[in-house]
Each structure stands twice: as structure tokens, then as C-alpha cells.
file start30.csv (CSV, C-alpha atoms and all ligand atoms)
chain,number,residue,atom,x,y,z
N,1,MET,CA,140.6,82.6,-41.3
N,2,ALA,CA,137.1,82.6,-39.9
N,3,LEU,CA,135.0,79.4,-39.8
N,4,SER,CA,132.1,78.7,-42.1
N,5,PHE,CA,128.7,78.4,-40.6
N,6,GLU,CA,128.8,74.6,-41.2
N,7,GLU,CA,132.2,74.2,-39.5
N,8,ASN,CA,131.0,76.3,-36.5
N,9,GLU,CA,127.9,74.1,-36.2
N,10,MET,CA,130.0,70.9,-36.5
N,11,LEU,CA,132.3,72.0,-33.6
N,12,THR,CA,129.8,73.5,-31.2
N,13,ARG,CA,126.8,71.1,-31.2
N,14,ALA,CA,127.3,68.4,-28.6
N,15,GLY,CA,124.0,66.5,-28.5
N,16,PRO,CA,123.4,62.9,-29.5
N,17,GLY,CA,124.1,62.2,-33.2
N,18,THR,CA,126.1,65.4,-33.8
N,19,PRO,CA,129.7,65.0,-35.1
N,20,ALA,CA,131.3,66.7,-32.0
N,21,GLY,CA,128.7,65.1,-29.7
N,22,GLU,CA,129.7,61.6,-31.0
N,23,MET,CA,133.4,62.5,-30.5
N,24,LEU,CA,132.9,63.9,-27.0
N,25,ARG,CA,131.0,60.7,-26.1
N,26,ARG,CA,134.3,58.7,-26.4
N,27,TYR,CA,135.6,60.3,-23.2
N,28,TRP,CA,134.7,60.3,-19.5
N,29,HIS,CA,133.3,63.6,-18.2
N,30,PRO,CA,132.9,65.0,-14.6
N,31,ILE,CA,129.2,65.3,-13.8
N,32,ALA,CA,129.0,65.8,-10.0
N,33,PHE,CA,130.8,65.5,-6.6
N,34,SER,CA,130.6,62.3,-4.7
N,35,ARG,CA,129.4,64.3,-1.7
N,36,GLU,CA,126.3,65.5,-3.6
N,37,LEU,CA,124.9,62.0,-3.6
N,38,LYS,CA,124.1,61.5,0.0
N,39,GLY,CA,120.4,62.0,-0.3
N,40,ARG,CA,117.9,62.4,-3.1
N,41,PRO,CA,118.8,61.8,-6.8
N,42,LYS,CA,120.4,64.7,-8.7
N,43,ARG,CA,119.2,66.0,-12.0
N,44,ARG,CA,122.0,66.7,-14.5
N,45,THR,CA,122.3,67.4,-18.2
N,46,LEU,CA,125.3,66.1,-20.1
N,47,LEU,CA,125.9,66.4,-23.8
N,48,GLY,CA,122.3,67.4,-24.4
N,49,GLU,CA,120.9,64.4,-22.4
N,50,ASP,CA,118.8,64.9,-19.3
N,51,LEU,CA,119.8,62.4,-16.6
N,52,ALA,CA,119.1,61.3,-13.0
N,53,LEU,CA,122.2,60.5,-10.9
N,54,PHE,CA,121.9,58.6,-7.7
N,55,ARG,CA,123.5,56.2,-5.2
N,56,ASP,CA,121.4,53.2,-4.3
N,57,GLU,CA,121.1,51.6,-0.9
N,58,GLN,CA,124.1,49.3,-1.6
N,59,GLY,CA,126.2,52.4,-2.4
N,60,ARG,CA,126.3,51.7,-6.2
N,61,LEU,CA,126.1,54.8,-8.5
N,62,GLY,CA,123.5,54.9,-11.2
N,63,LEU,CA,123.0,57.3,-14.1
N,64,LEU,CA,119.6,56.9,-15.8
N,65,ALA,CA,117.8,58.8,-18.5
N,66,LEU,CA,115.8,61.4,-16.6
N,67,ARG,CA,112.3,60.5,-17.8
N,68,CYS,CA,110.6,57.4,-16.6
N,69,SER,CA,110.1,54.7,-19.3
N,70,HIS,CA,106.5,54.4,-18.2
N,71,ARG,CA,105.0,57.8,-18.8
N,72,GLY,CA,107.9,60.2,-18.5
N,73,THR,CA,107.9,61.6,-15.0
N,74,SER,CA,111.3,62.9,-13.9
N,75,LEU,CA,113.3,60.3,-11.9
N,76,GLU,CA,114.9,63.1,-9.9
N,77,TYR,CA,111.8,62.9,-7.7
N,78,GLY,CA,112.1,59.2,-7.3
N,79,HIS,CA,112.6,57.3,-4.0
N,80,LEU,CA,115.8,55.4,-3.2
N,81,GLU,CA,114.4,52.1,-1.9
N,82,ASP,CA,114.1,48.4,-2.5
N,83,GLY,CA,117.4,48.1,-4.3
N,84,GLY,CA,117.0,50.9,-6.8
N,85,LEU,CA,115.3,54.1,-7.8
N,86,ARG,CA,111.5,54.0,-7.7
N,87,CYS,CA,109.6,56.5,-9.9
N,88,CYS,CA,107.4,58.8,-7.7
N,89,TYR,CA,104.4,58.6,-10.1
N,90,HIS,CA,103.4,54.9,-10.4
N,91,GLY,CA,106.3,53.2,-8.6
N,92,TRP,CA,108.3,51.6,-11.4
N,93,LEU,CA,111.6,50.5,-9.8
N,94,TYR,CA,114.9,50.7,-11.7
N,95,ASP,CA,118.3,49.3,-10.8
N,96,VAL,CA,121.6,51.1,-11.7
N,97,GLU,CA,121.7,49.3,-15.0
N,98,GLY,CA,118.3,50.3,-16.1
N,99,ARG,CA,116.6,47.0,-15.5
N,100,VAL,CA,113.0,47.3,-14.3
N,101,LEU,CA,112.8,45.4,-11.0
N,102,ASP,CA,109.1,46.2,-10.2
N,103,GLN,CA,106.0,47.4,-12.0
N,104,PRO,CA,103.3,47.9,-9.3
N,105,GLY,CA,99.8,47.6,-10.9
N,106,GLU,CA,100.8,45.0,-13.5
N,107,PRO,CA,99.7,41.4,-13.2
N,108,THR,CA,102.1,39.4,-11.0
N,109,ASP,CA,102.7,36.9,-13.9
N,110,SER,CA,103.4,39.6,-16.4
N,111,THR,CA,106.7,39.6,-18.4
N,112,PHE,CA,106.3,43.2,-19.3
N,113,ARG,CA,109.0,44.5,-17.0
N,114,GLU,CA,111.5,42.2,-18.7
N,115,ARG,CA,110.7,43.8,-22.1
N,116,VAL,CA,111.5,47.3,-21.0
N,117,ARG,CA,115.1,48.5,-20.5
N,118,HIS,CA,115.6,52.0,-19.4
N,119,PRO,CA,118.7,53.9,-20.8
N,120,ALA,CA,121.5,53.7,-18.2
N,121,TYR,CA,125.1,54.9,-18.4
N,122,LYS,CA,128.4,54.1,-16.7
N,123,VAL,CA,129.7,56.2,-13.7
N,124,GLN,CA,132.9,56.1,-11.7
N,125,GLU,CA,134.3,58.1,-8.8
N,126,LEU,CA,137.8,59.4,-8.4
N,127,ALA,CA,139.2,62.1,-6.1
N,128,GLY,CA,135.6,62.9,-5.0
N,129,ILE,CA,134.4,63.6,-8.6
N,130,VAL,CA,131.8,61.5,-10.3
N,131,PHE,CA,132.7,60.8,-13.9
N,132,ALA,CA,130.1,59.7,-16.5
N,133,TYR,CA,130.6,57.9,-19.9
N,134,LEU,CA,127.8,58.2,-22.5
N,135,GLY,CA,129.5,56.5,-25.4
N,136,PRO,CA,129.5,53.0,-26.9
N,137,GLU,CA,130.9,49.9,-25.2
N,138,PRO,CA,133.5,49.0,-24.3
N,139,ALA,CA,134.1,52.1,-22.3
N,140,PRO,CA,137.8,53.3,-22.2
N,141,LEU,CA,139.6,53.6,-18.8
N,142,LEU,CA,139.0,56.7,-16.6
N,143,PRO,CA,142.3,58.6,-16.9
N,144,ARG,CA,144.3,58.6,-13.6
N,145,TYR,CA,145.9,62.0,-13.9
N,146,ASP,CA,148.5,62.7,-11.2
N,147,VAL,CA,146.6,65.1,-9.1
N,148,LEU,CA,143.5,62.9,-9.1
N,149,VAL,CA,145.4,60.0,-7.5
N,150,ARG,CA,148.4,61.4,-5.6
N,151,GLU,CA,148.2,60.7,-1.9
N,152,ASP,CA,150.9,63.2,-0.8
N,153,GLY,CA,148.7,66.3,-1.1
N,154,THR,CA,145.4,68.0,-0.5
N,155,ARG,CA,142.6,68.8,-2.9
N,156,SER,CA,140.0,71.5,-3.2
N,157,LEU,CA,137.1,71.3,-5.7
N,158,ASN,CA,134.4,73.5,-7.1
N,159,ALA,CA,132.0,73.5,-10.0
N,160,ARG,CA,129.6,76.0,-11.5
N,161,VAL,CA,127.5,76.5,-14.6
N,162,VAL,CA,128.7,79.0,-17.2
N,163,HIS,CA,126.1,80.2,-19.7
N,164,CYS,CA,127.7,79.7,-23.1
N,165,ASN,CA,128.7,77.0,-25.5
N,166,TYR,CA,131.5,74.7,-24.2
N,167,LEU,CA,133.9,75.5,-27.2
N,168,GLN,CA,134.3,79.1,-26.1
N,169,MET,CA,135.5,77.8,-22.8
N,170,VAL,CA,137.8,75.2,-24.3
N,171,GLU,CA,139.3,77.7,-26.7
N,172,ASN,CA,140.1,79.9,-23.7
N,173,SER,CA,142.3,77.2,-22.3
N,174,VAL,CA,144.6,77.2,-25.3
N,175,ASP,CA,144.7,81.0,-25.6
N,176,GLN,CA,147.5,82.3,-23.5
N,177,HIS,CA,147.5,85.8,-25.1
N,178,HIS,CA,144.6,86.7,-22.9
N,179,PHE,CA,146.6,86.4,-19.7
N,180,LYS,CA,148.1,89.9,-20.1
N,181,TRP,CA,144.9,91.7,-21.1
N,182,LEU,CA,141.9,89.9,-19.5
N,183,HIS,CA,143.7,89.2,-16.3
N,184,ARG,CA,145.4,92.6,-16.2
N,185,THR,CA,147.1,94.1,-13.2
N,186,PRO,CA,149.5,97.0,-13.0
N,187,LYS,CA,152.3,94.4,-13.3
N,188,THR,CA,151.1,92.7,-16.4
N,189,ARG,CA,151.5,96.0,-18.3
N,190,LEU,CA,155.2,95.7,-17.7
N,191,TRP,CA,155.5,92.4,-19.6
N,192,LYS,CA,157.6,92.7,-22.7
N,193,ASP,CA,158.6,90.6,-25.7
N,194,GLU,CA,155.8,88.1,-25.3
N,195,GLN,CA,156.2,84.9,-27.3
N,196,LEU,CA,153.5,82.2,-27.6
N,197,THR,CA,154.1,78.7,-28.9
N,198,SER,CA,151.5,76.0,-29.3
N,199,GLU,CA,152.2,72.4,-30.5
N,200,VAL,CA,150.1,69.3,-30.9
N,201,THR,CA,151.1,66.4,-28.6
N,202,ASP,CA,149.9,62.8,-28.2
N,203,PHE,CA,147.4,64.1,-25.5
N,204,GLY,CA,146.3,67.4,-26.9
N,205,ILE,CA,148.1,70.7,-27.1
N,206,LEU,CA,151.1,72.1,-25.2
N,207,ASP,CA,151.2,75.9,-24.9
N,208,THR,CA,154.0,78.1,-23.7
N,209,PHE,CA,153.9,81.8,-23.0
N,210,THR,CA,157.3,83.5,-22.5
N,211,ARG,CA,157.7,87.1,-21.6
N,212,ARG,CA,160.4,89.5,-20.2
N,213,VAL,CA,159.8,91.3,-17.0
N,214,GLY,CA,162.6,93.7,-16.1
N,215,GLU,CA,165.8,91.7,-16.6
N,216,GLU,CA,164.1,88.2,-16.2
N,217,ARG,CA,162.3,86.0,-18.7
N,218,TYR,CA,159.4,83.8,-17.5
N,219,ARG,CA,157.6,81.0,-19.2
N,220,THR,CA,154.1,79.7,-18.4
N,221,ILE,CA,153.4,76.1,-19.6
N,222,SER,CA,149.8,74.9,-19.9
N,223,LEU,CA,148.7,71.5,-21.0
N,224,PHE,CA,145.4,70.9,-22.9
N,225,LEU,CA,144.1,67.4,-22.9
N,226,MET,CA,141.5,66.2,-25.3
N,227,PRO,CA,138.7,66.9,-25.3
N,228,ASN,CA,138.0,69.6,-22.6
N,229,MET,CA,140.5,69.6,-19.8
N,230,ASN,CA,143.6,71.7,-19.1
N,231,LYS,CA,146.2,71.7,-16.4
N,232,VAL,CA,148.0,74.8,-15.2
N,233,GLY,CA,150.5,75.0,-12.4
N,234,TYR,CA,151.8,77.8,-10.3
N,235,HIS,CA,155.1,77.7,-8.5
N,236,LEU,CA,155.4,81.4,-7.8
N,237,SER,CA,156.7,83.6,-5.1
N,238,GLU,CA,154.6,86.5,-3.8
N,239,ASP,CA,156.7,89.0,-5.6
N,240,HIS,CA,156.6,87.1,-8.9
N,241,PRO,CA,156.1,89.5,-11.8
N,242,ALA,CA,153.4,87.3,-13.3
N,243,ALA,CA,151.2,89.0,-10.7
N,244,PHE,CA,147.8,87.6,-11.7
N,245,ALA,CA,149.0,84.2,-10.9
N,246,ALA,CA,150.9,85.1,-7.7
N,247,THR,CA,147.7,84.6,-5.6
N,248,HIS,CA,147.7,81.0,-6.7
N,249,GLU,CA,151.1,80.2,-5.4
N,250,GLY,CA,152.2,76.6,-5.2
N,251,TYR,CA,149.2,74.6,-6.4
N,252,GLU,CA,148.2,73.0,-9.6
N,253,ALA,CA,144.8,73.1,-11.2
N,254,LEU,CA,142.8,70.8,-13.5
N,255,ARG,CA,139.8,72.4,-15.2
N,256,TRP,CA,137.1,70.7,-17.2
N,257,ARG,CA,134.6,72.4,-19.5
N,258,VAL,CA,131.7,69.9,-19.8
N,259,PRO,CA,128.8,70.6,-22.2
N,260,MET,CA,125.4,70.4,-20.6
N,261,ASP,CA,123.5,71.4,-23.7
N,262,ASP,CA,124.7,73.7,-26.5
N,263,THR,CA,124.5,76.9,-24.5
N,264,THR,CA,125.4,75.9,-21.0
N,265,THR,CA,128.6,74.3,-19.7
N,266,MET,CA,129.7,72.9,-16.3
N,267,HIS,CA,133.1,74.2,-15.2
N,268,PHE,CA,134.8,71.8,-12.8
N,269,THR,CA,138.0,72.8,-11.1
N,270,LEU,CA,140.3,70.6,-8.9
N,271,TYR,CA,143.2,72.3,-7.1
N,272,PHE,CA,146.0,70.2,-5.6
N,273,ALA,CA,148.9,71.2,-3.3
N,274,PRO,CA,151.5,68.8,-1.9
N,275,LEU,CA,151.7,68.4,1.9
N,276,VAL,CA,155.0,69.1,3.6
N,277,ASP,CA,155.1,68.2,7.3
N,278,GLY,CA,151.3,67.8,7.2
N,279,LYS,CA,150.8,71.4,5.8
N,280,ALA,CA,149.8,72.3,2.3
N,281,THR,CA,152.4,74.2,0.4
N,282,ALA,CA,149.9,76.6,-0.9
N,283,LYS,CA,146.9,78.6,0.3
N,284,MET,CA,144.2,76.7,-1.3
N,285,PRO,CA,141.0,78.2,-2.8
N,286,GLN,CA,137.9,77.3,-0.7
N,287,ASP,CA,136.5,73.8,-1.2
N,288,ARG,CA,132.9,73.9,-2.4
N,289,GLN,CA,132.0,70.3,-2.8
N,290,ASP,CA,129.2,70.5,-0.3
N,291,GLU,CA,127.6,73.3,-2.4
N,292,GLY,CA,127.5,71.0,-5.5
N,293,LEU,CA,127.2,72.5,-8.9
N,294,GLY,CA,126.7,76.2,-8.4
N,295,ASP,CA,125.0,78.5,-11.0
N,296,SER,CA,126.0,81.9,-12.3
N,297,ILE,CA,124.1,84.8,-13.9
N,298,PRO,CA,125.4,85.9,-17.3
N,299,GLY,CA,126.1,89.6,-17.3
N,300,LYS,CA,126.6,89.6,-13.5
N,301,TYR,CA,130.3,89.6,-12.6
N,302,ARG,CA,131.9,90.3,-9.2
N,303,TRP,CA,133.8,93.6,-9.1
N,304,ASP,CA,137.1,94.1,-7.4
N,305,GLU,CA,137.3,97.6,-5.9
N,306,THR,CA,141.0,97.3,-5.2
N,307,THR,CA,141.8,96.8,-8.9
N,308,GLY,CA,138.9,98.7,-10.5
N,309,TRP,CA,138.1,95.7,-12.7
N,310,ILE,CA,136.0,92.5,-12.7
N,311,ALA,CA,137.2,90.1,-10.0
N,312,ARG,CA,139.8,87.5,-11.1
N,313,GLY,CA,137.4,84.6,-10.7
N,314,ASP,CA,134.8,86.1,-13.1
N,315,GLN,CA,137.1,87.5,-15.8
N,316,ASP,CA,137.1,84.4,-18.0
N,317,ARG,CA,133.4,83.9,-17.6
N,318,CYS,CA,132.8,87.5,-18.6
N,319,ALA,CA,134.9,87.1,-21.8
N,320,GLN,CA,133.4,83.8,-22.7
N,321,GLU,CA,129.7,84.5,-22.0
N,322,SER,CA,129.8,87.9,-23.7
N,323,GLN,CA,130.9,86.2,-27.0
N,324,GLY,CA,127.2,85.0,-27.1
N,325,PRO,CA,125.4,81.8,-26.3
N,326,ILE,CA,127.1,80.1,-29.3
N,327,PHE,CA,129.7,82.4,-30.8
N,328,ASP,CA,129.3,83.0,-34.5
N,329,ARG,CA,132.8,82.3,-35.7
N,330,THR,CA,132.0,83.4,-39.3
N,331,ARG,CA,132.5,86.9,-38.0
N,332,GLU,CA,135.9,86.5,-36.3
N,333,HIS,CA,139.4,87.6,-37.4
N,334,LEU,CA,142.1,85.3,-36.1
N,335,GLY,CA,145.7,86.5,-35.9
N,336,VAL,CA,149.1,85.0,-35.2
N,337,SER,CA,148.4,85.0,-31.5
N,338,ASP,CA,145.4,82.7,-32.0
N,339,GLU,CA,147.6,79.8,-33.1
N,340,GLY,CA,146.5,77.6,-30.1
N,341,VAL,CA,142.9,78.1,-31.1
N,342,ILE,CA,143.6,77.2,-34.7
N,343,LEU,CA,145.4,74.0,-33.7
N,344,LEU,CA,142.6,73.1,-31.3
N,345,ARG,CA,140.0,73.3,-34.0
N,346,ARG,CA,142.1,71.3,-36.3
N,347,LEU,CA,142.6,68.6,-33.6
N,348,PHE,CA,138.8,68.6,-32.9
N,349,LYS,CA,138.1,68.0,-36.6
N,350,GLN,CA,140.7,65.3,-36.8
N,351,CYS,CA,139.2,63.6,-33.7
N,352,ILE,CA,135.7,63.8,-35.2
N,353,ASP,CA,136.9,62.1,-38.4
N,354,THR,CA,138.8,59.5,-36.4
N,355,VAL,CA,135.5,58.6,-34.5
N,356,LYS,CA,133.6,58.5,-37.8
N,357,ASN,CA,136.2,55.9,-39.0
N,358,GLY,CA,135.5,53.8,-36.0
N,359,GLN,CA,138.7,54.5,-34.1
N,360,ASP,CA,139.6,56.1,-30.7
N,361,PRO,CA,140.3,59.8,-30.8
N,362,VAL,CA,143.4,61.4,-29.2
N,363,GLY,CA,143.8,60.8,-25.5
N,364,VAL,CA,141.5,57.7,-25.1
N,365,ILE,CA,143.3,55.2,-22.8
N,366,ARG,CA,142.6,51.5,-22.9
N,367,ASP,CA,145.9,50.0,-21.6
N,368,PRO,CA,145.9,49.8,-17.8
N,369,ALA,CA,149.8,49.9,-17.8
N,370,LYS,CA,149.6,53.4,-19.2
N,371,ASN,CA,147.0,54.5,-16.7
N,372,GLU,CA,148.6,53.8,-13.3
N,373,ILE,CA,149.4,57.5,-13.0
N,374,ILE,CA,149.5,60.0,-15.8
N,375,ARG,CA,152.0,62.7,-15.0
N,376,LEU,CA,151.2,66.1,-16.2
N,377,VAL,CA,153.8,68.8,-15.5
N,378,PRO,CA,152.8,72.3,-16.2
N,379,GLY,CA,154.2,75.3,-14.5
N,380,GLU,CA,155.8,78.6,-14.5
N,381,TYR,CA,159.5,78.7,-15.0
N,382,ARG,CA,162.2,81.3,-15.2
N,383,VAL,CA,163.9,80.9,-18.6
N,384,THR,CA,167.6,80.5,-18.3
N,401,LIG,S1,105.7,57.6,-15.0
N,401,LIG,FE1,107.1,56.6,-13.8
N,401,LIG,S2,106.0,54.9,-13.0
N,401,LIG,FE2,104.5,56.0,-14.2
N,402,FE,FE,141.9,83.1,-18.2
call {"tool": "encode", "arguments": {"input": "start30.csv", "output": "C-alpha cells", "more": "lines below"}}
Ligand code: FES
Ligand SMILES: [Fe+2]
result
Amino acid sequence: MALSFEENEMLTRAGPGTPAGEMLRRYWHPIAFSRELKGRPKRRTLLGEDLALFRDEQGRLGLLALRCSHRGTSLEYGHLEDGGLRCCYHGWLYDVEGRVLDQPGEPTDSTFRERVRHPAYKVQELAGIVFAYLGPEPAPLLPRYDVLVREDGTRSLNARVVHCNYLQMVENSVDQHHFKWLHRTPKTRLWKDEQLTSEVTDFGILDTFTRRVGEERYRTISLFLMPNMNKVGYHLSEDHPAAFAATHEGYEALRWRVPMDDTTTMHFTLYFAPLVDGKATAKMPQDRQDEGLGDSIPGKYRWDETTGWIARGDQDRCAQESQGPIFDRTREHLGVSDEGVILLRRLFKQCIDTVKNGQDPVGVIRDPAKNEIIRLVPGEYRVT
């Protein structure tokens, strides 16, 4: 059954004061790489809010509303000096908590600066990623997922902007049916007897995709964690019949789809492979932390001459962006294979209601004992 216009609006709008926006604000979200914050402040947009992210002279991270509380000049052009971020226009100086430390031009005995508090948000770093929290206090714990904290492996990271609403990307992560068609290869056409299952868990949704290839049966397991992250793992040999995944042999990946505004989304990916005798067990995708948040051009997708189809890395973006900036779900026709998407929307609505009732939505962690390391085990397995 398609969504009503009102339901589609409720699930897709992520700005301040919107139902989904308020729910999403109960979680930490990736916003940048630590390595991006060596020099000047970075401008970022998160959940419809324009922000300036910086590291002060003492190494503390700050995330401030972008526009100066004086007369609105962007703090991305500010100077990192004198214990904070100084606006380039008239020199107001802010610390990482939004206190005004200096207001040049005002009388020295003025208390004006004590009466202004600039909006500031919490930020934390883990595994080279800067995470931001825009919700009410007290902030929950930043989840310590296994591949973020494991010390027995190597990580590779990248991030880019995708030009569509975040929910199209989140829905893709619980839609396993597209593996065979969007990520087609000559081998995927040989898959038979495909079976999809999706079930709600205490962290989000667990999807499995089973199929027969020749005499063998294979099962892909994918974990979706509220509100916008999924983990997939690949433990495949080169001749594995899953084919599209065989190039990702031996590593696991976390992917976050983070709303910037309602029509642009940051896509962060972290790859992890264990080290054995000092060597990674997988050929890792290139690390792009130094490039920071890359952009992309909607409608422009890399072409793979060897397969005669859009290159693997752009296939999902093509499918998601071509649904439109905010897909009009009043026009869709969901079938049995869309069970994961149906469960996801139900879970989102439930979490929106939970937040309205003043409680924590699914996946929010406050108990440190439950956050030492959160093991997530996805993968691809032969079914016995
Ligand atoms: S606008 Fe920032 S100090 Fe005046
Ligand atoms: Fe995909």
C-alpha cells in the first residue's frame, strides 16, 4: 500500500521541529573526518541546520550554528585564535560551547557578551569520524560498534554527498531484492529460488537474502540499525557466485545516510578488515579521508565498459537519485519483496511516536556496560 502525502511528509522531512527530524535528533550522526579539521573551520549542514565545525587551539572540537550571533556572517570564514573561533566581520570570539569570549568594539565594562549565547552542539571522535548530536540533553552514548573500536584490523573511510532525500537511501539498505537487478552481472542471472526475510530486532531490522546458485544455497545477512546505518559483511572467495560482492572479499562495511537538508544526504562508509601477520585480509577500497566530504553530480554516473552498465559504486546512487529529490510515495506499488521497506517505515513511525511521548527510540544507548563494544555480525554464508 502506498503512503499518503502526509505520511510521506512525516517520514522525509528532517529539519528542526519536524516529527522525523525530532526523532533523528536523538542519535549521533557522522558529520566529518577528524583529518578534515586541521586548518580552517568547515561548513556542514546536518538535519536542516547550517553549522561551522572546527578544532580550537587546545584541540577541542566545536560545532556552532553557522551564522554569527552579531549580524549573521558565516563562521566558516572565522579565525581560530585566542582560545576560540573569531568571526571574520567584527571579531566576536566564541568558545566551543557557544560562550562569547570577546566583543571588540563594545565598552570594556559591558555585560553584553554574557547575555548572548550562541547555539553550540556536542561533537565526539571515534575511528577518525567526527560525530555530532543535535538533540536535547542529556546526550546518549556514542555507540561503540565493533569495527569502530577493534584494534586488530585496518580501516578505510570515504564520504560523499548524494542528491536525494535520506529516506530513499535508508530504504535501499533494507531492500535486498535489488542486489540481483541493480547490481547485475552475468552471474546474478543464475540466482534461483530467492527468498527474502526481514524482521524487527532490538536495534533495527535484520534482513536475509537466500538464493540457490547451481547446487549451493547462499545467504546474505544485513543489519540495519536505527536510524540510518547498516552493516554488511563479505567473506567471499573470488569464485563466489554472489559475483557482485566478490570484489569486496573479506571486509565489513558500515554505511550511514545522514540528512543534510531534505534533498541532500551525506553517505559515510567505513570499511574494516582484520590484520593477520600485519596484513589486511582483504583488498581494501581506497581511503579518502584526506579528500573530506566529496560531492557528486545527479544524473552523472560512472560507466563500466567491461560490464556495459553503470559502475558498481554509482549504481545505488543512480537508483536513489532518479526516484526524485523527495520520492512521492503516493505513487508507488509495494509488493511482497518490499517487506523490509514496509517494516522500516513502521519502525520509523513507532520511533517518532516514542519520541513524542518523551522516551528514547530504538537503539539509543545510555548504559556504559552495554557500550564497551557492540558486536554486529553480518555476512554471507553457505546454507547447510
Ligand atoms: S557579524 Fe560576526 S562579529 Fe559581526
Ligand atoms: Fe545496493
call {"tool": "residues_near_ligand", "arguments": {"input": "start30.csv", "ligand": "ligand LIG 401 (chain N)", "cutoff": "9 Å", "atoms": "all atoms listed in the file", "output": "ChimeraX atom specification"}}
result
/N:67-75,78,86-93,103-104
call {"tool": "atom_distance", "arguments": {"input": "start30.csv", "atom1": "atom CA of N:Glu151", "atom2": "atom CA of N:Gly294"}}
result
27.3 Å
call {"tool": "closest_residue", "arguments": {"input": "start30.csv", "among": "N:Phe5, N:Phe33, N:Phe131, N:Trp181", "to": "ligand FE 402 (chain N)", "atoms": "only C-alpha atoms and all ligand atoms"}}
result
N:Trp181
call {"tool": "residues_near_ligand", "arguments": {"input": "start30.csv", "ligand": "ligand FE 402 (chain N)", "cutoff": "10 Å", "atoms": "all atoms listed in the file", "output": "ChimeraX atom specification"}}
result
/N:169,172-183,244,312-317,319-320
call {"tool": "atom_distance", "arguments": {"input": "start30.csv", "atom1": "atom CA of N:Tyr251", "atom2": "atom CA of N:Tyr271"}}
result
6.5 Å
call {"tool": "atom_distance", "arguments": {"input": "start30.csv", "atom1": "atom CA of N:His79", "atom2": "atom CA of N:Glu137"}}
result
29.0 Å
call {"tool": "closest_residue", "arguments": {"input": "start30.csv", "among": "N:Leu63, N:Leu37, N:Ala139, N:Val258", "to": "N:Ala14", "atoms": "only C-alpha atoms"}}
result
N:Val258
call {"tool": "residues_around", "arguments": {"input": "start30.csv", "residues": "N:Leu80", "least_positions_apart": "5", "cutoff": "9 Å", "atoms": "all atoms listed in the file", "output": "JSON list (two decimals) with C-alpha atoms, in the coordinates of the input"}}
result
[["chain", "number", "residue", "atom", "x", "y", "z"],
["N", 39, "GLY", "CA", 120.40, 62.00, -0.30],
["N", 40, "ARG", "CA", 117.90, 62.40, -3.10],
["N", 41, "PRO", "CA", 118.80, 61.80, -6.80],
["N", 54, "PHE", "CA", 121.90, 58.60, -7.70],
["N", 55, "ARG", "CA", 123.50, 56.20, -5.20],
["N", 56, "ASP", "CA", 121.40, 53.20, -4.30],
["N", 57, "GLU", "CA", 121.10, 51.60, -0.90],
["N", 85, "LEU", "CA", 115.30, 54.10, -7.80],
["N", 86, "ARG", "CA", 111.50, 54.00, -7.70]]
call {"tool": "residues_around", "arguments": {"input": "start30.csv", "residues": "N:Ala65", "least_positions_apart": "3", "cutoff": "12 Å", "atoms": "all atoms listed in the file", "output": "ChimeraX atom specification"}}
result
/N:42-46,48-54,62,68-69,72-76,85,94,96-98,117-122,134
call {"tool": "residues_around", "arguments": {"input": "start30.csv", "residues": "N:Gly358", "least_positions_apart": "2", "cutoff": "12 Å", "atoms": "all atoms listed in the file", "output": "compact mmCIF listing (two decimals) with C-alpha atoms, keeping the file's coordinate frame"}}
result
# COMPACT_ATOMS: atom_id res chain seq x y z
CA GLU N 22 129.70 61.60 -31.00
CA MET N 23 133.40 62.50 -30.50
CA ARG N 26 134.30 58.70 -26.40
CA PRO N 136 129.50 53.00 -26.90
CA CYS N 351 139.20 63.60 -33.70
CA ILE N 352 135.70 63.80 -35.20
CA ASP N 353 136.90 62.10 -38.40
CA THR N 354 138.80 59.50 -36.40
CA VAL N 355 135.50 58.60 -34.50
CA LYS N 356 133.60 58.50 -37.80
CA ASP N 360 139.60 56.10 -30.70
CA PRO N 361 140.30 59.80 -30.80
call {"tool": "closest_residue", "arguments": {"input": "start30.csv", "among": "N:Arg113, N:Lys279, N:Lys300, N:Arg217", "to": "N:Cys318", "atoms": "all atoms listed in the file"}}
result
N:Lys300
call {"tool": "residues_around", "arguments": {"input": "start30.csv", "residues": "N:Arg366", "least_positions_apart": "5", "cutoff": "10 Å", "atoms": "only C-alpha atoms", "output": "PyMOL selection string"}}
result
chain N and resi 138-143+360+371
call {"tool": "residues_around", "arguments": {"input": "start30.csv", "residues": "N:Ala253", "least_positions_apart": "4", "cutoff": "7 Å", "atoms": "all atoms listed in the file", "output": "ChimeraX atom specification"}}
result
/N:231-233,269-272
call {"tool": "closest_residue", "arguments": {"input": "start30.csv", "among": "N:Leu334, N:Leu167, N:Val147, N:Met226", "to": "N:Pro378", "atoms": "all atoms listed in the file"}}
result
N:Val147
